[in-house]
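A.B. asks: Below you'll find final.pdb; it's PDB, C-alpha atoms.
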ATOM      1  CA  MET Y   8       0.000   0.000   0.000
ATOM      2  CA  ASN Y   9       1.188   3.495  -0.806
ATOM      3  CA  PRO Y  10       2.006   5.212   2.543
ATOM      4  CA  ASP Y  11      -0.068   8.221   1.482
ATOM      5  CA  GLU Y  12      -3.136   6.022   1.187
ATOM      6  CA  LEU Y  13      -3.070   5.411   4.951
ATOM      7  CA  LEU Y  14      -3.982   9.077   5.438
ATOM      8  CA  ASN Y  15      -7.151   8.875   3.342
ATOM      9  CA  PRO Y  16     -10.124   8.234   5.670
ATOM     10  CA  GLU Y  17     -12.247   6.985   2.762
ATOM     11  CA  LEU Y  18      -9.983   3.979   2.243
ATOM     12  CA  PRO Y  19     -10.366   0.824   4.350
ATOM     13  CA  PRO Y  20      -7.759   0.235   7.085
ATOM     14  CA  PRO Y  21      -4.633  -1.715   6.133
ATOM     15  CA  CYS Y  22      -4.864  -5.459   6.615
ATOM     16  CA  ILE Y  23      -2.621  -7.206   9.134
ATOM     17  CA  GLU Y  24      -2.417 -10.988   9.092
ATOM     18  CA  LEU Y  25      -1.936 -13.071  12.227
ATOM     19  CA  LEU Y  26       0.984 -15.452  11.647
ATOM     20  CA  TYR Y  27       1.441 -16.883  15.158
ATOM     21  CA  GLU Y  28      -0.015 -16.487  18.629
ATOM     22  CA  ASP Y  29       0.354 -18.148  22.017
ATOM     23  CA  ASP Y  30       0.014 -16.977  25.634
ATOM     24  CA  TYR Y  31       3.242 -15.004  25.428
ATOM     25  CA  LEU Y  32       3.928 -13.945  21.845
ATOM     26  CA  VAL Y  33       2.192 -12.792  18.697
ATOM     27  CA  ALA Y  34       3.556 -12.365  15.183
ATOM     28  CA  ILE Y  35       1.827 -10.552  12.346
ATOM     29  CA  HIS Y  36       2.425  -9.712   8.718
ATOM     30  CA  LYS Y  37       2.844  -5.929   8.628
ATOM     31  CA  PRO Y  38       1.937  -4.373   5.268
ATOM     32  CA  ALA Y  39       4.247  -1.853   3.615
ATOM     33  CA  GLY Y  40       3.398   1.710   4.643
ATOM     34  CA  LEU Y  41       2.129   0.888   8.135
ATOM     35  CA  LEU Y  42       3.974   2.356  11.133
ATOM     36  CA  VAL Y  43       4.754  -0.038  13.976
ATOM     37  CA  HIS Y  44       3.745   2.346  16.773
ATOM     38  CA  ARG Y  45       2.430   5.819  17.408
ATOM     39  CA  THR Y  46       4.965   8.654  17.312
ATOM     40  CA  TYR Y  47       4.711  12.411  17.648
ATOM     41  CA  LEU Y  48       6.348  12.679  14.215
ATOM     42  CA  ALA Y  49       3.271  11.026  12.659
ATOM     43  CA  ARG Y  50       0.404  12.837  14.352
ATOM     44  CA  LYS Y  51      -1.874  12.545  11.321
ATOM     45  CA  GLU Y  52      -1.596   8.765  11.139
ATOM     46  CA  LYS Y  53      -4.697   6.770  12.013
ATOM     47  CA  TYR Y  54      -3.443   3.177  12.003
ATOM     48  CA  PHE Y  55      -0.493   1.547  13.766
ATOM     49  CA  ALA Y  56       0.589  -2.092  13.826
ATOM     50  CA  MET Y  57       0.727  -2.294  17.633
ATOM     51  CA  GLN Y  58      -2.775  -0.918  18.162
ATOM     52  CA  MET Y  59      -4.208  -3.047  15.370
ATOM     53  CA  THR Y  60      -2.565  -6.159  16.833
ATOM     54  CA  ARG Y  61      -3.857  -5.278  20.315
ATOM     55  CA  ASP Y  62      -7.396  -5.049  18.945
ATOM     56  CA  LEU Y  63      -6.937  -8.315  17.052
ATOM     57  CA  VAL Y  64      -5.695 -10.433  19.974
ATOM     58  CA  GLY Y  65      -7.473  -8.591  22.808
ATOM     59  CA  CYS Y  66      -4.519  -7.570  24.977
ATOM     60  CA  HIS Y  67      -1.682  -5.080  25.090
ATOM     61  CA  VAL Y  68       1.399  -5.947  23.046
ATOM     62  CA  PHE Y  69       4.990  -4.752  23.296
ATOM     63  CA  PRO Y  70       7.494  -4.285  20.428
ATOM     64  CA  VAL Y  71      10.725  -6.297  20.456
ATOM     65  CA  HIS Y  72      12.364  -5.195  17.191
ATOM     66  CA  ARG Y  73      12.131  -2.583  14.442
ATOM     67  CA  LEU Y  74      10.548  -2.906  11.030
ATOM     68  CA  ASP Y  75      10.702   0.237   8.922
ATOM     69  CA  ARG Y  76       7.434   1.759   7.762
ATOM     70  CA  PRO Y  77       7.980   0.970   4.044
ATOM     71  CA  THR Y  78       9.143  -2.600   4.753
ATOM     72  CA  SER Y  79       6.542  -5.364   4.936
ATOM     73  CA  GLY Y  80       6.710  -8.765   6.568
ATOM     74  CA  VAL Y  81       7.098 -10.570   9.886
ATOM     75  CA  LEU Y  82       6.705  -8.377  12.977
ATOM     76  CA  LEU Y  83       7.118 -10.045  16.379
ATOM     77  CA  LEU Y  84       5.460  -8.629  19.495
ATOM     78  CA  ALA Y  85       5.290  -9.762  23.128
ATOM     79  CA  LYS Y  86       2.234  -9.894  25.380
ATOM     80  CA  SER Y  87       4.094  -8.638  28.452
ATOM     81  CA  SER Y  88       6.996  -6.343  29.215
ATOM     82  CA  GLU Y  89       8.878  -9.287  30.750
ATOM     83  CA  MET Y  90       8.639 -11.319  27.528
ATOM     84  CA  ALA Y  91       9.543  -8.245  25.507
ATOM     85  CA  ASN Y  92      12.676  -7.760  27.598
ATOM     86  CA  GLU Y  93      13.771 -11.374  27.112
ATOM     87  CA  LEU Y  94      13.242 -11.197  23.358
ATOM     88  CA  CYS Y  95      15.016  -7.837  23.138
ATOM     89  CA  GLN Y  96      18.013  -9.503  24.785
ATOM     90  CA  GLN Y  97      18.010 -12.152  22.047
ATOM     91  CA  PHE Y  98      17.985  -9.453  19.379
ATOM     92  CA  ALA Y  99      20.737  -7.504  21.166
ATOM     93  CA  GLY Y 100      22.807 -10.702  21.472
ATOM     94  CA  HIS Y 101      22.433 -11.444  17.738
ATOM     95  CA  LEU Y 102      20.628 -14.694  18.562
ATOM     96  CA  VAL Y 103      17.709 -13.934  16.223
ATOM     97  CA  ARG Y 104      18.002 -14.773  12.530
ATOM     98  CA  LYS Y 105      16.268 -12.311  10.211
ATOM     99  CA  ARG Y 106      15.931 -13.144   6.517
ATOM    100  CA  TYR Y 107      14.615 -10.790   3.870
ATOM    101  CA  LEU Y 108      13.831 -10.753   0.163
ATOM    102  CA  ALA Y 109      14.570  -7.685  -1.943
ATOM    103  CA  LEU Y 110      14.373  -6.603  -5.569
ATOM    104  CA  VAL Y 111      17.452  -4.626  -6.562
ATOM    105  CA  ARG Y 112      18.799  -2.745  -9.559
ATOM    106  CA  GLY Y 113      21.086  -4.731 -11.846
ATOM    107  CA  ASN Y 114      21.988  -8.404 -12.110
ATOM    108  CA  MET Y 115      24.039 -10.055  -9.374
ATOM    109  CA  HIS Y 116      25.846 -13.388  -9.683
ATOM    110  CA  GLU Y 117      27.905 -13.841  -6.524
ATOM    111  CA  SER Y 118      26.993 -14.266  -2.869
ATOM    112  CA  GLY Y 119      28.958 -12.467  -0.225
ATOM    113  CA  GLU Y 120      29.147 -10.853   3.184
ATOM    114  CA  LEU Y 121      29.481  -7.088   3.352
ATOM    115  CA  ASP Y 122      31.280  -5.725   6.415
ATOM    116  CA  TYR Y 123      30.815  -1.977   6.043
ATOM    117  CA  PRO Y 124      30.382   0.250   9.122
ATOM    118  CA  LEU Y 125      27.529   2.751   9.027
ATOM    119  CA  LYS Y 126      27.233   6.144  10.650
ATOM    120  CA  GLU Y 127      24.029   6.522  12.620
ATOM    121  CA  GLU Y 128      21.233   8.185  10.641
ATOM    122  CA  LEU Y 129      19.696  10.903  12.810
ATOM    123  CA  ASP Y 130      16.304  12.527  12.382
ATOM    124  CA  LYS Y 131      16.419  16.345  12.329
ATOM    125  CA  ILE Y 132      13.549  16.601  14.824
ATOM    126  CA  ALA Y 133      13.526  13.407  16.894
ATOM    127  CA  ASP Y 134      17.319  13.366  17.275
ATOM    128  CA  LYS Y 135      17.779  17.126  17.588
ATOM    129  CA  PHE Y 136      19.739  16.804  20.844
ATOM    130  CA  ALA Y 137      21.581  13.576  20.027
ATOM    131  CA  VAL Y 138      25.346  13.461  19.602
ATOM    132  CA  GLN Y 139      25.912  14.333  15.955
ATOM    133  CA  ASP Y 140      29.488  13.131  15.543
ATOM    134  CA  LYS Y 141      29.382   9.466  16.524
ATOM    135  CA  ASP Y 142      31.818   7.049  14.922
ATOM    136  CA  ALA Y 143      30.485   4.625  12.332
ATOM    137  CA  GLN Y 144      29.107   1.440  13.903
ATOM    138  CA  PRO Y 145      29.920  -2.103  12.735
ATOM    139  CA  ALA Y 146      27.383  -3.394  10.194
ATOM    140  CA  ILE Y 147      27.435  -6.786   8.463
ATOM    141  CA  THR Y 148      25.026  -8.171   5.850
ATOM    142  CA  ARG Y 149      25.021 -11.511   4.053
ATOM    143  CA  TYR Y 150      23.589 -11.433   0.543
ATOM    144  CA  GLN Y 151      22.733 -14.070  -2.025
ATOM    145  CA  PRO Y 152      21.344 -13.585  -5.552
ATOM    146  CA  LEU Y 153      18.392 -15.890  -6.263
ATOM    147  CA  LEU Y 154      17.130 -14.826  -9.692
ATOM    148  CA  ASN Y 155      18.224 -12.367 -12.393
ATOM    149  CA  SER Y 156      16.165 -10.715 -15.107
ATOM    150  CA  GLU Y 157      16.698  -8.436 -18.099
ATOM    151  CA  ILE Y 158      13.614  -6.913 -19.734
ATOM    152  CA  PRO Y 159      13.542  -5.051 -23.090
ATOM    153  CA  PHE Y 160      12.480  -1.700 -21.656
ATOM    154  CA  SER Y 161      14.729   1.277 -21.059
ATOM    155  CA  SER Y 162      14.866   2.860 -17.619
ATOM    156  CA  GLY Y 163      17.869   5.063 -18.354
ATOM    157  CA  ARG Y 164      20.614   5.222 -20.957
ATOM    158  CA  TYR Y 165      20.504   1.519 -21.841
ATOM    159  CA  PRO Y 166      17.850  -0.123 -24.070
ATOM    160  CA  SER Y 167      17.062  -2.775 -21.465
ATOM    161  CA  SER Y 168      16.720  -2.938 -17.683
ATOM    162  CA  ARG Y 169      18.204  -5.496 -15.307
ATOM    163  CA  PHE Y 170      16.985  -6.558 -11.898
ATOM    164  CA  ALA Y 171      17.767  -9.235  -9.314
ATOM    165  CA  LEU Y 172      15.904 -10.993  -6.529
ATOM    166  CA  MET Y 173      18.143 -11.084  -3.466
ATOM    167  CA  ALA Y 174      18.147 -12.954  -0.172
ATOM    168  CA  LEU Y 175      19.493 -10.654   2.538
ATOM    169  CA  GLU Y 176      20.433 -11.441   6.125
ATOM    170  CA  PRO Y 177      21.526  -8.627   8.448
ATOM    171  CA  LEU Y 178      23.945  -9.864  11.113
ATOM    172  CA  THR Y 179      23.736  -6.507  12.877
ATOM    173  CA  GLY Y 180      20.767  -4.188  13.353
ATOM    174  CA  ARG Y 181      21.686  -0.717  12.134
ATOM    175  CA  LYS Y 182      19.031   1.711  10.949
ATOM    176  CA  HIS Y 183      18.238   1.163   7.247
ATOM    177  CA  GLN Y 184      21.141  -1.300   7.133
ATOM    178  CA  LEU Y 185      19.938  -3.393   4.197
ATOM    179  CA  ARG Y 186      18.974  -0.361   2.151
ATOM    180  CA  ARG Y 187      22.296   1.365   2.801
ATOM    181  CA  HIS Y 188      24.399  -1.738   2.237
ATOM    182  CA  MET Y 189      22.755  -2.573  -1.077
ATOM    183  CA  ALA Y 190      23.232   1.041  -2.174
ATOM    184  CA  HIS Y 191      26.913   0.723  -1.211
ATOM    185  CA  LEU Y 192      27.160  -2.347  -3.467
ATOM    186  CA  ARG Y 193      25.602  -0.207  -6.253
ATOM    187  CA  HIS Y 194      22.567  -2.494  -6.345
ATOM    188  CA  PRO Y 195      20.037  -0.313  -4.491
ATOM    189  CA  ILE Y 196      16.710  -1.774  -3.461
ATOM    190  CA  ILE Y 197      13.930  -0.762  -5.840
ATOM    191  CA  GLY Y 198      11.526   1.732  -4.313
ATOM    192  CA  ASP Y 199      14.059   3.118  -1.825
ATOM    193  CA  THR Y 200      13.463   6.866  -2.069
ATOM    194  CA  THR Y 201      16.267   7.727   0.382
ATOM    195  CA  HIS Y 202      19.204   5.587  -0.747
ATOM    196  CA  GLY Y 203      17.981   4.275  -4.102
ATOM    197  CA  ASP Y 204      17.973   5.158  -7.797
ATOM    198  CA  GLY Y 205      15.257   7.701  -8.639
ATOM    199  CA  LYS Y 206      15.119   6.797 -12.346
ATOM    200  CA  GLN Y 207      14.786   3.095 -11.646
ATOM    201  CA  ASN Y 208      12.178   3.717  -8.961
ATOM    202  CA  ARG Y 209      10.100   5.830 -11.334
ATOM    203  CA  PHE Y 210      10.423   3.280 -14.150
ATOM    204  CA  PHE Y 211       9.433   0.415 -11.860
ATOM    205  CA  ARG Y 212       6.464   2.333 -10.485
ATOM    206  CA  GLU Y 213       5.182   3.329 -13.928
ATOM    207  CA  HIS Y 214       5.955   0.051 -15.714
ATOM    208  CA  PHE Y 215       4.563  -2.340 -13.080
ATOM    209  CA  GLY Y 216       1.937  -0.089 -11.496
ATOM    210  CA  HIS Y 217       3.057  -0.684  -7.905
ATOM    211  CA  ASN Y 218       4.547   1.915  -5.592
ATOM    212  CA  ARG Y 219       6.415   0.487  -2.605
ATOM    213  CA  LEU Y 220       9.816  -0.432  -1.207
ATOM    214  CA  TRP Y 221      10.583  -3.898  -2.559
ATOM    215  CA  LEU Y 222      11.854  -5.305   0.720
ATOM    216  CA  ILE Y 223      10.052  -7.894   2.837
ATOM    217  CA  ALA Y 224      10.990  -9.472   6.172
ATOM    218  CA  LYS Y 225      10.301 -13.019   5.042
ATOM    219  CA  GLN Y 226      11.412 -15.158   7.965
ATOM    220  CA  LEU Y 227      12.296 -14.745  11.642
ATOM    221  CA  SER Y 228      13.997 -17.450  13.729
ATOM    222  CA  PHE Y 229      14.472 -17.271  17.509
ATOM    223  CA  ILE Y 230      14.248 -19.265  20.744
ATOM    224  CA  HIS Y 231      10.911 -19.122  22.556
ATOM    225  CA  PRO Y 232      11.668 -17.402  25.871
ATOM    226  CA  VAL Y 233       9.322 -19.685  27.850
ATOM    227  CA  THR Y 234       9.380 -23.094  26.160
ATOM    228  CA  GLY Y 235      12.941 -22.971  24.856
ATOM    229  CA  GLN Y 236      11.639 -24.203  21.506
ATOM    230  CA  ALA Y 237      13.341 -23.121  18.291
ATOM    231  CA  MET Y 238      10.796 -20.935  16.495
ATOM    232  CA  GLN Y 239      10.664 -20.068  12.803
ATOM    233  CA  ILE Y 240       7.955 -17.704  11.613
ATOM    234  CA  GLU Y 241       7.543 -17.052   7.918
ATOM    235  CA  THR Y 242       5.164 -14.992   5.833
ATOM    236  CA  GLU Y 243       3.977 -15.203   2.247
ATOM    237  CA  LEU Y 244       4.794 -12.658  -0.427
ATOM    238  CA  GLU Y 245       2.088 -10.115  -1.149
ATOM    239  CA  ALA Y 246       0.262 -10.396  -4.475
ATOM    240  CA  GLU Y 247       2.179  -7.502  -6.017
ATOM    241  CA  TRP Y 248       5.435  -9.445  -5.751
ATOM    242  CA  LEU Y 249       3.987 -12.229  -7.877
ATOM    243  CA  ASP Y 250       2.704  -9.670 -10.402
ATOM    244  CA  VAL Y 251       6.211  -8.248 -10.747
ATOM    245  CA  PHE Y 252       7.752 -11.736 -10.940
ATOM    246  CA  GLN Y 253       5.556 -12.412 -13.968
ATOM    247  CA  GLY Y 254       6.676  -9.173 -15.587
ATOM    248  CA  LEU Y 255      10.321 -10.032 -14.970
ATOM    249  CA  GLY Y 256       9.890 -13.438 -16.602
ATOM    250  CA  TRP Y 257      10.015 -15.483 -13.414
ATOM    251  CA  ARG Y 258       7.139 -17.817 -14.168
ATOM    252  CA  GLU Y 259       5.413 -19.983 -11.622
ATOM    253  CA  GLU Y 260       7.088 -23.134 -12.926
ATOM    254  CA  ILE Y 261      10.517 -21.600 -12.222
ATOM    255  CA  LEU Y 262       9.553 -20.805  -8.639
ATOM    256  CA  GLN Y 263       7.927 -24.215  -8.112
ATOM    257  CA  LYS Y 264      11.116 -26.065  -9.106
ATOM    258  CA  ASP Y 265      12.718 -24.889  -5.879
ATOM    259  CA  PRO Y 266      10.220 -23.415  -3.376
ATOM    260  CA  SER Y 267      13.101 -22.537  -1.046
ATOM    261  CA  ILE Y 268      14.127 -19.854  -3.530
ATOM    262  CA  LEU Y 269      11.547 -17.612  -1.885
ATOM    263  CA  LEU Y 270      13.077 -18.040   1.558
ATOM    264  CA  ALA Y 271      15.081 -14.937   2.399
TER     265      ALA Y 271
END
Translate this file's structure into structure tokens.
C.D. replies:
Amino acid sequence: MNPDELLNPELPPPCIELLYEDDYLVAIHKPAGLLVHRTYLARKEKYFAMQMTRDLVGCHVFPVHRLDRPTSGVLLLAKSSEMANELCQQFAGHLVRKRYLALVRGNMHESGELDYPLKEELDKIADKFAVQDKDAQPAITRYQPLLNSEIPFSSGRYPSSRFALMALEPLTGRKHQLRRHMAHLRHPIIGDTTHGDGKQNRFFREHFGHNRLWLIAKQLSFIHPVTGQAMQIETELEAEWLDVFQGLGWREEILQKDPSILLA
């Protein structure tokens, strides 16, 4: 969903999907464009993932990790502050595995691990009094190309356009890490208006008729803080991903040959 559409009261509320629930935890599929929680920087917003989840499951919920507004996918929440604290410790200790899918500019043929420190991105208003001159923080991302495509339509100076479907795994949790790392590799994520390629974003939006950041939190793996069980929560791709796959020549039979190709 276009983030601007969330401000239109005539449109129905965004749809969140319940992926998992027990007495302690709840996981949902957060649509692109939906904020996780209320903030004074978004006073005009009407819908928030936390409030919508609370209404869905009938109790207060507590956030345990970040998921940027334009990113869709698995969002994990706790039903108590104690559970939230335990899960936050897992995230802080890098014990949680987060796997994403992204569409990027250009073809990619080699997997790798990017170790590229990032300076903290500060908001002009929210971080007005924060230290402005912090050193860059360690940031590591694993990346793996899954599919490549070249379509006979120009999005710049070349007669054709190339794109890749990537599996991304952040080993650290810096703000906008995946978006900034892919931009550093000169394969920016399509739809990234801050770190991406404006020409490619415009072409993609006009050619495919979808306006979003093409990044989804596909799978989250962690240890249940009460049962000790290894948990793996996964979500399905939204319909617009499959529309774009068709346009890029990735037919259903290609995807069905190896279903794991859609695991980030």
A.B. asks: What are the centre and the three edge lengths of an axis-aligned box that wraps all atoms of region 80-95 of chain Y in the file, given that 4 Å is added to every side, written as JSON and rounded to one decimal in Å?
C.D. replies:
{"center_x": 8.6, "center_y": -8.9, "center_z": 18.7, "size_x": 20.8, "size_y": 13.0, "size_z": 32.2}
A.B. asks: What lies within 12 Å of region 244-247 of chain Y using all atoms listed in the file, ignoring chain neighbours under 5 positions off, as a ChimeraX atom specification?
C.D. replies: /Y:8,22-24,36-39,78-81,107-109,212,215-226,252-254,269-271
A.B. asks: Let me see the file: selected residues, C-alpha atoms, as a PDB file, in the coordinates of the input.
C.D. replies:
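Output below, filename result.pdb:
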ATOM      1  CA  MET Y   8       0.000   0.000   0.000  1.00  0.00           C
ATOM      2  CA  CYS Y  22      -4.864  -5.459   6.615  1.00  0.00           C
ATOM      3  CA  ILE Y  23      -2.621  -7.206   9.134  1.00  0.00           C
ATOM      4  CA  GLU Y  24      -2.417 -10.988   9.092  1.00  0.00           C
ATOM      5  CA  HIS Y  36       2.425  -9.712   8.718  1.00  0.00           C
ATOM      6  CA  LYS Y  37       2.844  -5.929   8.628  1.00  0.00           C
ATOM      7  CA  PRO Y  38       1.937  -4.373   5.268  1.00  0.00           C
ATOM      8  CA  ALA Y  39       4.247  -1.853   3.615  1.00  0.00           C
ATOM      9  CA  THR Y  78       9.143  -2.600   4.753  1.00  0.00           C
ATOM     10  CA  SER Y  79       6.542  -5.364   4.936  1.00  0.00           C
ATOM     11  CA  GLY Y  80       6.710  -8.765   6.568  1.00  0.00           C
ATOM     12  CA  VAL Y  81       7.098 -10.570   9.886  1.00  0.00           C
ATOM     13  CA  TYR Y 107      14.615 -10.790   3.870  1.00  0.00           C
ATOM     14  CA  LEU Y 108      13.831 -10.753   0.163  1.00  0.00           C
ATOM     15  CA  ALA Y 109      14.570  -7.685  -1.943  1.00  0.00           C
ATOM     16  CA  ARG Y 212       6.464   2.333 -10.485  1.00  0.00           C
ATOM     17  CA  PHE Y 215       4.563  -2.340 -13.080  1.00  0.00           C
ATOM     18  CA  GLY Y 216       1.937  -0.089 -11.496  1.00  0.00           C
ATOM     19  CA  HIS Y 217       3.057  -0.684  -7.905  1.00  0.00           C
ATOM     20  CA  ASN Y 218       4.547   1.915  -5.592  1.00  0.00           C
ATOM     21  CA  ARG Y 219       6.415   0.487  -2.605  1.00  0.00           C
ATOM     22  CA  LEU Y 220       9.816  -0.432  -1.207  1.00  0.00           C
ATOM     23  CA  TRP Y 221      10.583  -3.898  -2.559  1.00  0.00           C
ATOM     24  CA  LEU Y 222      11.854  -5.305   0.720  1.00  0.00           C
ATOM     25  CA  ILE Y 223      10.052  -7.894   2.837  1.00  0.00           C
ATOM     26  CA  ALA Y 224      10.990  -9.472   6.172  1.00  0.00           C
ATOM     27  CA  LYS Y 225      10.301 -13.019   5.042  1.00  0.00           C
ATOM     28  CA  GLN Y 226      11.412 -15.158   7.965  1.00  0.00           C
ATOM     29  CA  PHE Y 252       7.752 -11.736 -10.940  1.00  0.00           C
ATOM     30  CA  GLN Y 253       5.556 -12.412 -13.968  1.00  0.00           C
ATOM     31  CA  GLY Y 254       6.676  -9.173 -15.587  1.00  0.00           C
ATOM     32  CA  LEU Y 269      11.547 -17.612  -1.885  1.00  0.00           C
ATOM     33  CA  LEU Y 270      13.077 -18.040   1.558  1.00  0.00           C
ATOM     34  CA  ALA Y 271      15.081 -14.937   2.399  1.00  0.00           C
TER      35      ALA Y 271
END
A.B. asks: Counting all atoms listed in the file, which of Y:Glu120, Y:Ala34, Y:Arg106, Y:Thr148 gets nearest to Arg186 (chain Y)?
C.D. replies: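 Ranked by minimum distance to Arg186 (chain Y), first place goes to Y:Thr148.
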A.B. asks: (24.7, -10.9, -2.6) in this file's frame - what residues fall within 9 Å of it? Use only C-alpha atoms and give the answer as a list in words.
C.D. replies: Met115, His116, Glu117, Ser118, Gly119, Glu120, Leu121, Thr148, Arg149, Tyr150, Gln151, Pro152, Leu153, Met173, Ala174, Leu175, Met189 and Leu192 of chain Y
A.B. asks: One decimal, Å: what's the distance from CA of Ala85 (chain Y) over to CA of Gly40 (chain Y), could you say?
C.D. replies: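 For CA of Ala85 (chain Y) relative to CA of Gly40 (chain Y), the distance reads 21.8 Å.
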A.B. asks: Can you work out which one of Y:Gln144, Y:Ser228, Y:Ser87, Y:Thr234 has the shortest atom-to-atom distance to Arg181 (chain Y), counting only C-alpha atoms?
C.D. replies: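 Nearest to Arg181 (chain Y): Y:Gln144.
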A.B. asks: Could you tell me which of Y:Arg164, Y:Arg209, Y:Arg112, Y:Arg258 comes closest to Ala190 (chain Y) if we count all atoms listed in the file?
C.D. replies: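 Of Y:Arg164, Y:Arg209, Y:Arg112, Y:Arg258, the one nearest Ala190 (chain Y), counting all atoms listed in the file, is Y:Arg112.
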A.B. asks: Name the residues captured by the PyMOL selection byres ((chain Y and resi 196) around 10) when it is applied to the shown file; answer as an MDAnalysis selection string.
C.D. replies: chainID Y and resid 109:113 170:173 185:190 193:195 197:200 202:204 207:208 220:222
A.B. asks: For the residues in the current selection, export C-alpha atoms as a PDB file, keeping the file's coordinate frame.
C.D. replies:
ATOM      1  CA  ALA Y 109      14.570  -7.685  -1.943  1.00  0.00           C
ATOM      2  CA  LEU Y 110      14.373  -6.603  -5.569  1.00  0.00           C
ATOM      3  CA  VAL Y 111      17.452  -4.626  -6.562  1.00  0.00           C
ATOM      4  CA  ARG Y 112      18.799  -2.745  -9.559  1.00  0.00           C
ATOM      5  CA  GLY Y 113      21.086  -4.731 -11.846  1.00  0.00           C
ATOM      6  CA  PHE Y 170      16.985  -6.558 -11.898  1.00  0.00           C
ATOM      7  CA  ALA Y 171      17.767  -9.235  -9.314  1.00  0.00           C
ATOM      8  CA  LEU Y 172      15.904 -10.993  -6.529  1.00  0.00           C
ATOM      9  CA  MET Y 173      18.143 -11.084  -3.466  1.00  0.00           C
ATOM     10  CA  LEU Y 185      19.938  -3.393   4.197  1.00  0.00           C
ATOM     11  CA  ARG Y 186      18.974  -0.361   2.151  1.00  0.00           C
ATOM     12  CA  ARG Y 187      22.296   1.365   2.801  1.00  0.00           C
ATOM     13  CA  HIS Y 188      24.399  -1.738   2.237  1.00  0.00           C
ATOM     14  CA  MET Y 189      22.755  -2.573  -1.077  1.00  0.00           C
ATOM     15  CA  ALA Y 190      23.232   1.041  -2.174  1.00  0.00           C
ATOM     16  CA  ARG Y 193      25.602  -0.207  -6.253  1.00  0.00           C
ATOM     17  CA  HIS Y 194      22.567  -2.494  -6.345  1.00  0.00           C
ATOM     18  CA  PRO Y 195      20.037  -0.313  -4.491  1.00  0.00           C
ATOM     19  CA  ILE Y 197      13.930  -0.762  -5.840  1.00  0.00           C
ATOM     20  CA  GLY Y 198      11.526   1.732  -4.313  1.00  0.00           C
ATOM     21  CA  ASP Y 199      14.059   3.118  -1.825  1.00  0.00           C
ATOM     22  CA  THR Y 200      13.463   6.866  -2.069  1.00  0.00           C
ATOM     23  CA  HIS Y 202      19.204   5.587  -0.747  1.00  0.00           C
ATOM     24  CA  GLY Y 203      17.981   4.275  -4.102  1.00  0.00           C
ATOM     25  CA  ASP Y 204      17.973   5.158  -7.797  1.00  0.00           C
ATOM     26  CA  GLN Y 207      14.786   3.095 -11.646  1.00  0.00           C
ATOM     27  CA  ASN Y 208      12.178   3.717  -8.961  1.00  0.00           C
ATOM     28  CA  LEU Y 220       9.816  -0.432  -1.207  1.00  0.00           C
ATOM     29  CA  TRP Y 221      10.583  -3.898  -2.559  1.00  0.00           C
ATOM     30  CA  LEU Y 222      11.854  -5.305   0.720  1.00  0.00           C
TER      31      LEU Y 222
END
A.B. asks: What's the separation between CA of Arg104 (chain Y) and CA of Met59 (chain Y), in Å to one decimal place?
C.D. replies: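 These atoms are spaced 25.3 Å apart.
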A.B. asks: Run the PyMOL selection byres ((chain Y and resi 42) around 7) mentally over the shown coordinates, then write out the matched residues as a ChimeraX atom specification, using the chain letters and numbers from the document.
C.D. replies: /Y:40-41,43-44,55-56,76
A.B. asks: Nearest residue to Pro77 (chain Y) out of Y:His183, Y:His231, Y:Arg45, Y:His191, using all atoms listed in the file?
C.D. replies: Y:His183
A.B. asks: Go through Y:Ser168, Y:Ala91, Y:Asn114, Y:His101 and flag the residue nearest Ile147 (chain Y), using all atoms listed in the file for the distances.
C.D. replies: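 Of Y:Ser168, Y:Ala91, Y:Asn114, Y:His101, the one nearest Ile147 (chain Y) is Y:His101, counting all atoms listed in the file.
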A.B. asks: CA of Leu82 (chain Y) and CA of Thr60 (chain Y) are how many Å apart?
C.D. replies: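 Atom-to-atom, CA of Leu82 (chain Y) to CA of Thr60 (chain Y), that is 10.3 Å.
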A.B. asks: Running the PyMOL selection byres ((chain Y and resi 232) around 12) on this model by hand, what would come out? Give it as a short mmCIF file (atom, residue, chain, number, x, y, z; two decimals) with C-alpha atoms, in the frame of the given file.
C.D. replies:
data_model
loop_
_atom_site.label_atom_id
_atom_site.label_comp_id
_atom_site.auth_asym_id
_atom_site.auth_seq_id
_atom_site.Cartn_x
_atom_site.Cartn_y
_atom_site.Cartn_z
CA ASP Y 29 0.35 -18.15 22.02
CA ASP Y 30 0.01 -16.98 25.63
CA TYR Y 31 3.24 -15.00 25.43
CA LEU Y 32 3.93 -13.94 21.84
CA ALA Y 85 5.29 -9.76 23.13
CA SER Y 87 4.09 -8.64 28.45
CA GLU Y 89 8.88 -9.29 30.75
CA MET Y 90 8.64 -11.32 27.53
CA ALA Y 91 9.54 -8.24 25.51
CA ASN Y 92 12.68 -7.76 27.60
CA GLU Y 93 13.77 -11.37 27.11
CA LEU Y 94 13.24 -11.20 23.36
CA CYS Y 95 15.02 -7.84 23.14
CA GLN Y 96 18.01 -9.50 24.78
CA GLN Y 97 18.01 -12.15 22.05
CA LEU Y 102 20.63 -14.69 18.56
CA VAL Y 103 17.71 -13.93 16.22
CA PHE Y 229 14.47 -17.27 17.51
CA ILE Y 230 14.25 -19.26 20.74
CA HIS Y 231 10.91 -19.12 22.56
CA VAL Y 233 9.32 -19.68 27.85
CA THR Y 234 9.38 -23.09 26.16
CA GLY Y 235 12.94 -22.97 24.86
CA GLN Y 236 11.64 -24.20 21.51
CA ALA Y 237 13.34 -23.12 18.29
CA MET Y 238 10.80 -20.94 16.50
#
A.B. asks: Calculated over only C-alpha atoms, which of the candidates Y:Leu83, Y:Trp257, Y:Phe98, Y:Pro19 has the smallest distance to Asn155 (chain Y)?
C.D. replies: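 Using only C-alpha atoms, Asn155 (chain Y) sits closest to Y:Trp257.
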A.B. asks: Please tell me which residues are no farther than 10 Å from (31.6, 8.3, 13.0) in the file, counting all atoms listed in the file, and write them as a list in words.
C.D. replies: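 So the residues meeting the distance criterion are Pro124, Leu125, Lys126, Glu127, Gln139, Asp140, Lys141, Asp142, Ala143 and Gln144 of chain Y.
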